[in-house]
>>> print(open('start29.cif').read())   # mmCIF, C-alpha atoms
data_run
loop_
_atom_site.group_PDB
_atom_site.id
_atom_site.type_symbol
_atom_site.label_atom_id
_atom_site.label_comp_id
_atom_site.auth_asym_id
_atom_site.auth_seq_id
_atom_site.Cartn_x
_atom_site.Cartn_y
_atom_site.Cartn_z
ATOM 1 C CA MET A 24 53.331 38.879 -161.372
ATOM 2 C CA LYS A 25 54.127 35.652 -159.538
ATOM 3 C CA ASP A 26 52.256 36.889 -156.448
ATOM 4 C CA LYS A 27 49.283 37.938 -158.601
ATOM 5 C CA ILE A 28 49.122 34.473 -160.169
ATOM 6 C CA ILE A 29 49.213 32.804 -156.737
ATOM 7 C CA GLN A 30 46.535 35.109 -155.306
ATOM 8 C CA LYS A 31 44.227 34.632 -158.292
ATOM 9 C CA SER A 32 44.778 30.876 -158.161
ATOM 10 C CA ALA A 33 43.821 30.841 -154.461
ATOM 11 C CA ASP A 34 40.589 32.741 -155.229
ATOM 12 C CA LEU A 35 39.651 30.359 -158.049
ATOM 13 C CA TYR A 36 40.577 27.198 -156.127
ATOM 14 C CA PHE A 37 38.374 28.304 -153.240
ATOM 15 C CA LYS A 38 35.483 29.158 -155.539
ATOM 16 C CA TYR A 39 35.526 26.238 -157.981
ATOM 17 C CA GLY A 40 37.729 23.587 -156.395
ATOM 18 C CA ILE A 41 41.358 22.756 -157.138
ATOM 19 C CA LYS A 42 40.631 20.034 -159.695
ATOM 20 C CA ASN A 43 38.209 22.163 -161.717
ATOM 21 C CA VAL A 44 40.469 25.179 -162.251
ATOM 22 C CA THR A 45 42.736 25.036 -165.319
ATOM 23 C CA MET A 46 45.851 26.999 -166.164
ATOM 24 C CA ASP A 47 43.910 28.477 -169.124
ATOM 25 C CA GLN A 48 41.228 29.742 -166.740
ATOM 26 C CA ILE A 49 43.788 31.380 -164.442
ATOM 27 C CA ALA A 50 45.500 33.038 -167.420
ATOM 28 C CA HIS A 51 42.147 34.278 -168.763
ATOM 29 C CA GLU A 52 41.125 35.725 -165.373
ATOM 30 C CA LEU A 53 44.423 37.623 -165.152
ATOM 31 C CA GLY A 54 44.392 38.733 -168.794
ATOM 32 C CA ILE A 55 47.755 37.096 -169.479
ATOM 33 C CA SER A 56 48.945 34.202 -171.618
ATOM 34 C CA LYS A 57 49.347 30.712 -170.227
ATOM 35 C CA LYS A 58 52.987 30.973 -171.308
ATOM 36 C CA THR A 59 53.450 33.752 -168.737
ATOM 37 C CA ILE A 60 52.302 31.423 -165.952
ATOM 38 C CA TYR A 61 54.825 28.820 -167.061
ATOM 39 C CA GLN A 62 57.593 31.390 -166.692
ATOM 40 C CA TYR A 63 57.021 31.166 -162.931
ATOM 41 C CA PHE A 64 55.626 27.655 -162.411
ATOM 42 C CA SER A 65 56.633 24.342 -163.976
ATOM 43 C CA GLY A 66 53.037 23.104 -164.067
ATOM 44 C CA LYS A 67 49.745 22.962 -162.198
ATOM 45 C CA GLU A 68 51.115 20.861 -159.342
ATOM 46 C CA ASP A 69 53.876 23.410 -158.739
ATOM 47 C CA LEU A 70 51.304 26.222 -158.729
ATOM 48 C CA VAL A 71 49.014 24.314 -156.338
ATOM 49 C CA LYS A 72 51.955 23.730 -153.976
ATOM 50 C CA GLU A 73 52.994 27.394 -153.993
ATOM 51 C CA THR A 74 49.386 28.523 -153.517
ATOM 52 C CA ALA A 75 48.822 26.153 -150.584
ATOM 53 C CA ASN A 76 52.006 27.384 -148.916
ATOM 54 C CA TYR A 77 51.036 31.012 -149.575
ATOM 55 C CA ILE A 78 47.669 30.533 -147.823
ATOM 56 C CA PHE A 79 49.292 28.682 -144.916
ATOM 57 C CA ASP A 80 51.991 31.347 -144.448
ATOM 58 C CA LYS A 81 49.426 34.153 -144.598
ATOM 59 C CA ILE A 82 47.305 32.551 -141.855
ATOM 60 C CA GLN A 83 50.385 31.627 -139.809
ATOM 61 C CA THR A 84 51.652 35.222 -139.803
ATOM 62 C CA GLN A 85 48.299 36.427 -138.439
ATOM 63 C CA ILE A 86 48.258 33.686 -135.778
ATOM 64 C CA ASP A 87 51.799 34.617 -134.683
ATOM 65 C CA GLN A 88 50.669 38.227 -134.240
ATOM 66 C CA ILE A 89 47.768 37.113 -132.033
ATOM 67 C CA CYS A 90 50.071 35.015 -129.853
ATOM 68 C CA LEU A 91 52.165 38.140 -129.172
ATOM 69 C CA MET A 92 49.121 40.013 -127.857
ATOM 70 C CA LYS A 93 48.300 39.988 -124.147
ATOM 71 C CA LEU A 94 45.054 38.028 -124.462
ATOM 72 C CA ASN A 95 43.669 35.453 -122.059
ATOM 73 C CA PRO A 96 43.881 31.874 -123.438
ATOM 74 C CA TYR A 97 40.200 31.775 -124.447
ATOM 75 C CA GLN A 98 40.375 35.063 -126.351
ATOM 76 C CA GLU A 99 43.501 33.800 -128.079
ATOM 77 C CA LEU A 100 41.895 30.597 -129.425
ATOM 78 C CA PHE A 101 38.678 32.369 -130.419
ATOM 79 C CA ARG A 102 40.687 35.016 -132.312
ATOM 80 C CA ILE A 103 42.628 32.281 -134.094
ATOM 81 C CA LYS A 104 39.365 30.560 -135.019
ATOM 82 C CA ASP A 105 38.056 33.846 -136.445
ATOM 83 C CA ILE A 106 41.224 34.365 -138.500
ATOM 84 C CA ILE A 107 40.978 30.899 -140.054
ATOM 85 C CA LYS A 108 37.271 31.460 -140.711
ATOM 86 C CA GLU A 109 37.959 34.816 -142.390
ATOM 87 C CA ASN A 110 40.734 33.455 -144.605
ATOM 88 C CA LEU A 111 38.713 30.442 -145.718
ATOM 89 C CA LYS A 112 35.281 32.099 -145.946
ATOM 90 C CA HIS A 113 35.221 31.974 -149.761
ATOM 91 C CA ALA A 114 35.999 28.253 -149.877
ATOM 92 C CA ASP A 115 32.883 26.540 -151.238
ATOM 93 C CA THR A 116 34.668 23.194 -151.095
ATOM 94 C CA SER A 117 37.201 21.752 -148.642
ATOM 95 C CA PRO A 118 40.675 22.642 -149.999
ATOM 96 C CA GLN A 119 42.291 20.278 -147.515
ATOM 97 C CA TYR A 120 40.407 17.208 -148.704
ATOM 98 C CA GLN A 121 40.818 18.125 -152.349
ATOM 99 C CA LEU A 122 44.557 18.301 -151.784
ATOM 100 C CA LYS A 123 44.481 14.885 -150.122
ATOM 101 C CA LYS A 124 42.603 13.402 -153.046
ATOM 102 C CA TYR A 125 44.428 14.952 -155.994
ATOM 103 C CA TYR A 126 47.799 16.067 -154.591
ATOM 104 C CA PRO A 127 48.575 13.736 -151.655
ATOM 105 C CA GLU A 128 52.263 14.686 -151.390
ATOM 106 C CA ILE A 129 51.430 18.381 -151.104
ATOM 107 C CA ALA A 130 48.685 17.576 -148.583
ATOM 108 C CA THR A 131 51.058 15.502 -146.428
ATOM 109 C CA ALA A 132 53.709 18.239 -146.351
ATOM 110 C CA LEU A 133 51.098 20.881 -145.537
ATOM 111 C CA GLU A 134 49.561 18.743 -142.787
ATOM 112 C CA GLN A 135 52.996 18.425 -141.152
ATOM 113 C CA LYS A 136 53.359 22.211 -141.206
ATOM 114 C CA LYS A 137 49.883 22.549 -139.650
ATOM 115 C CA PHE A 138 50.759 19.966 -136.995
ATOM 116 C CA ASP A 139 53.978 21.759 -136.026
ATOM 117 C CA SER A 140 52.168 25.110 -135.922
ATOM 118 C CA ILE A 141 49.301 23.839 -133.760
ATOM 119 C CA MET A 142 51.657 22.040 -131.368
ATOM 120 C CA GLU A 143 53.646 25.239 -130.815
ATOM 121 C CA CYS A 144 50.578 27.468 -130.541
ATOM 122 C CA LEU A 145 48.775 25.173 -128.091
ATOM 123 C CA GLU A 146 51.871 24.643 -125.958
ATOM 124 C CA HIS A 147 51.978 28.411 -125.469
ATOM 125 C CA ASN A 148 48.205 28.588 -124.888
ATOM 126 C CA LEU A 149 48.047 25.710 -122.397
ATOM 127 C CA LYS A 150 50.943 27.066 -120.333
ATOM 128 C CA LYS A 151 49.261 30.464 -120.196
ATOM 129 C CA GLY A 152 45.878 28.974 -119.247
ATOM 130 C CA ILE A 153 47.359 26.820 -116.466
ATOM 131 C CA LYS A 154 49.416 29.713 -115.092
ATOM 132 C CA GLN A 155 46.365 31.981 -114.984
ATOM 133 C CA GLY A 156 44.242 29.311 -113.282
ATOM 134 C CA TYR A 157 41.825 28.907 -116.193
ATOM 135 C CA TYR A 158 42.975 25.433 -117.260
ATOM 136 C CA LYS A 159 43.378 22.387 -115.009
ATOM 137 C CA ASP A 160 46.966 22.016 -113.830
ATOM 138 C CA ASP A 161 47.095 18.231 -114.230
ATOM 139 C CA LEU A 162 46.488 18.180 -117.999
ATOM 140 C CA ASP A 163 48.457 15.801 -120.197
ATOM 141 C CA LYS A 164 49.475 18.546 -122.607
ATOM 142 C CA GLU A 165 50.804 16.271 -125.339
ATOM 143 C CA PHE A 166 47.534 14.310 -125.419
ATOM 144 C CA ILE A 167 45.425 17.492 -125.364
ATOM 145 C CA LYS A 168 47.389 19.074 -128.233
ATOM 146 C CA ARG A 169 47.043 15.999 -130.422
ATOM 147 C CA MET A 170 43.330 15.656 -129.668
ATOM 148 C CA TYR A 171 42.823 19.279 -130.698
ATOM 149 C CA PHE A 172 44.770 18.759 -133.926
ATOM 150 C CA VAL A 173 42.931 15.576 -134.930
ATOM 151 C CA ASN A 174 39.518 17.063 -134.240
ATOM 152 C CA THR A 175 40.115 20.358 -136.041
ATOM 153 C CA ILE A 176 41.382 18.452 -139.089
ATOM 154 C CA ASN A 177 38.351 16.145 -139.079
ATOM 155 C CA LEU A 178 35.861 18.996 -138.742
ATOM 156 C CA SER A 179 36.585 19.936 -142.370
ATOM 157 C CA ASN A 180 36.067 16.380 -143.609
ATOM 158 C CA PRO A 181 32.925 16.583 -145.798
ATOM 159 C CA GLU A 182 32.323 12.849 -145.368
ATOM 160 C CA LEU A 183 32.163 13.148 -141.564
ATOM 161 C CA PHE A 184 30.426 16.522 -141.550
ATOM 162 C CA PRO A 185 28.453 16.931 -144.802
ATOM 163 C CA PRO A 186 28.133 20.691 -145.487
ATOM 164 C CA GLU A 187 24.422 20.335 -146.249
ATOM 165 C CA SER A 188 23.856 19.065 -142.683
ATOM 166 C CA PHE A 189 26.563 20.870 -140.708
ATOM 167 C CA ASP A 190 27.346 24.570 -140.847
ATOM 168 C CA LYS A 191 31.171 24.708 -140.720
ATOM 169 C CA ASP A 192 31.271 27.837 -138.534
ATOM 170 C CA LYS A 193 28.790 26.491 -135.983
ATOM 171 C CA THR A 194 30.539 23.132 -135.952
ATOM 172 C CA MET A 195 33.894 24.743 -135.150
ATOM 173 C CA GLU A 196 32.273 26.946 -132.510
ATOM 174 C CA MET A 197 30.651 23.933 -130.819
ATOM 175 C CA PHE A 198 33.883 21.955 -130.868
ATOM 176 C CA LEU A 199 35.924 24.817 -129.419
ATOM 177 C CA ASN A 200 33.399 25.370 -126.602
ATOM 178 C CA MET A 201 33.354 21.650 -125.796
ATOM 179 C CA PHE A 202 37.151 21.352 -125.952
ATOM 180 C CA LEU A 203 37.772 24.371 -123.731
ATOM 181 C CA SER A 204 35.079 23.397 -121.211
ATOM 182 C CA GLY A 205 36.720 20.002 -120.826
ATOM 183 C CA ILE A 206 40.156 21.377 -119.919
ATOM 184 C CA SER A 207 38.956 24.320 -117.814
ATOM 185 C CA THR A 208 38.745 24.843 -114.070
ATOM 186 C CA LYS A 209 35.587 26.205 -112.438
ATOM 187 C CA LYS A 210 37.107 29.696 -112.669
ATOM 188 C CA GLY A 211 37.921 29.072 -116.321
ATOM 189 C CA ARG A 212 34.440 27.888 -117.243
ATOM 190 C CA LYS A 213 32.975 31.108 -115.803
ATOM 191 C CA LYS A 214 35.420 33.142 -117.908
ATOM 192 C CA LEU A 215 34.652 31.024 -120.976
ATOM 193 C CA LYS A 216 30.903 31.481 -120.527
ATOM 194 C CA LEU A 217 31.286 35.268 -120.425
ATOM 195 C CA LEU A 218 33.417 35.210 -123.576
ATOM 196 C CA VAL A 219 30.998 32.959 -125.483
ATOM 197 C CA GLU A 220 28.063 35.201 -124.527
ATOM 198 C CA SER A 221 29.911 38.310 -125.752
ATOM 199 C CA HIS A 222 31.391 36.597 -128.836
#
>>> encode(input="start29.cif", output="structure tokens")
Amino acid sequence: MKDKIIQKSADLYFKYGIKNVTMDQIAHELGISKKTIYQYFSGKEDLVKETANYIFDKIQTQIDQICLMKLNPYQELFRIKDIIKENLKHADTSPQYQLKKYYPEIATALEQKKFDSIMECLEHNLKKGIKQGYYKDDLDKEFIKRMYFVNTINLSNPELFPPESFDKDKTMEMFLNMFLSGISTKKGRKKLKLLVESH
């Protein structure tokens, strides 16, 4: 039941926004009493925290599986982008910025988890790309990783990229192409071009 409540909450938060969804609404959608929800969660903030962690862990598990596959570094990052896109495709609003606004402590903890995950994933990706001759061998990896993190976080900022003017999928695609082109060798840019054309 706890998992069902979390999954239904995630669906509703994506569809209507975290602030707009009430405990009554979640209970009604599941056909249970609100009292049942409170058997598992102390309140809405507790449920929001558990739901945010559930979504993060679900995406992280899929990313870990991709990193174990024998993909070239470009395929790896494009697959990861597709996984994030698939998991967040029903989000009509930006969950990240709603968390920042209404639940800043949860947002801060989640952002640290994202940071740690991206640092580890990119360290693996950059080493692979350099070894295979696709990425430049003189990259400042720590700078590159942090630039990637900051930019991917800001791409979902509705104030910087209003959804009525910027398609979120195209925006991410453009950023990833620009980012990868900038760190790639001549050999790498040829490989990247072929991937983009087939993707």
>>> resolve_selection(input="start29.cif", expression="the PyMOL selection byres ((chain A and resi 147) around 12)", output="ChimeraX atom specification")
/A:87,89-91,94-96,99-100,140-146,148-154,164,168
>>> resolve_selection(input="start29.cif", expression="the PyMOL selection byres ((chain A and resi 75-84) around 8)", output="PyMOL selection string")
chain A and resi 29+33+71-74+85-88+106-107+110+133+140
>>> write_last_selection(input="start29.cif", atoms="C-alpha atoms", output="short mmCIF file (atom, residue, chain, number, x, y, z; two decimals), in the coordinates of the input")
data_model
loop_
_atom_site.label_atom_id
_atom_site.label_comp_id
_atom_site.auth_asym_id
_atom_site.auth_seq_id
_atom_site.Cartn_x
_atom_site.Cartn_y
_atom_site.Cartn_z
CA ILE A 29 49.21 32.80 -156.74
CA ALA A 33 43.82 30.84 -154.46
CA VAL A 71 49.01 24.31 -156.34
CA LYS A 72 51.96 23.73 -153.98
CA GLU A 73 52.99 27.39 -153.99
CA THR A 74 49.39 28.52 -153.52
CA GLN A 85 48.30 36.43 -138.44
CA ILE A 86 48.26 33.69 -135.78
CA ASP A 87 51.80 34.62 -134.68
CA GLN A 88 50.67 38.23 -134.24
CA ILE A 106 41.22 34.36 -138.50
CA ILE A 107 40.98 30.90 -140.05
CA ASN A 110 40.73 33.46 -144.60
CA LEU A 133 51.10 20.88 -145.54
CA SER A 140 52.17 25.11 -135.92
#
>>> atom_distance(input="start29.cif", atom1="atom CA of A:Thr131", atom2="atom CA of A:Asn180")
15.3 Å
>>> resolve_selection(input="start29.cif", expression="the PyMOL selection byres ((chain A and resi 179) around 8)", output="MDAnalysis selection string")
chainID A and resid 117 119:120 175:178 180:181 184 191
>>> closest_residue(input="start29.cif", among="A:Gln48, A:Lys104, A:Ile55, A:Glu134", to="A:Met197", atoms="all atoms listed in the file")
A:Lys104
>>> residues_around(input="start29.cif", residues="A:Met24", least_positions_apart="6", cutoff="9 Å", atoms="all atoms listed in the file", output="PDB file with C-alpha atoms, in the frame of the given file")
ATOM      1  CA  THR A  59      53.450  33.752-168.737  1.00  0.00           C
ATOM      2  CA  ILE A  60      52.302  31.423-165.952  1.00  0.00           C
ATOM      3  CA  TYR A  63      57.021  31.166-162.931  1.00  0.00           C
TER       4      TYR A  63
END
>>> closest_residue(input="start29.cif", among="A:Ser188, A:Ser65, A:Gln155, A:Gln135", to="A:Met46", atoms="all atoms listed in the file")
A:Ser65
>>> residues_around(input="start29.cif", residues="A:Leu199", least_positions_apart="4", cutoff="10 Å", atoms="only C-alpha atoms", output="list in words")
Tyr97, Leu100, Phe101, Lys104, Tyr171, Asn174, Thr175, Lys193, Thr194, Met195, Leu203, Ser204 and Gly205 of chain A
>>> atom_distance(input="start29.cif", atom1="atom CA of A:Gln121", atom2="atom CA of A:Ile41")
6.7 Å
>>> closest_residue(input="start29.cif", among="A:Gly40, A:Glu68, A:Lys31, A:Gln98", to="A:Leu53", atoms="all atoms listed in the file")
A:Lys31
>>> atom_distance(input="start29.cif", atom1="atom CA of A:Lys42", atom2="atom CA of A:Lys57")
17.3 Å
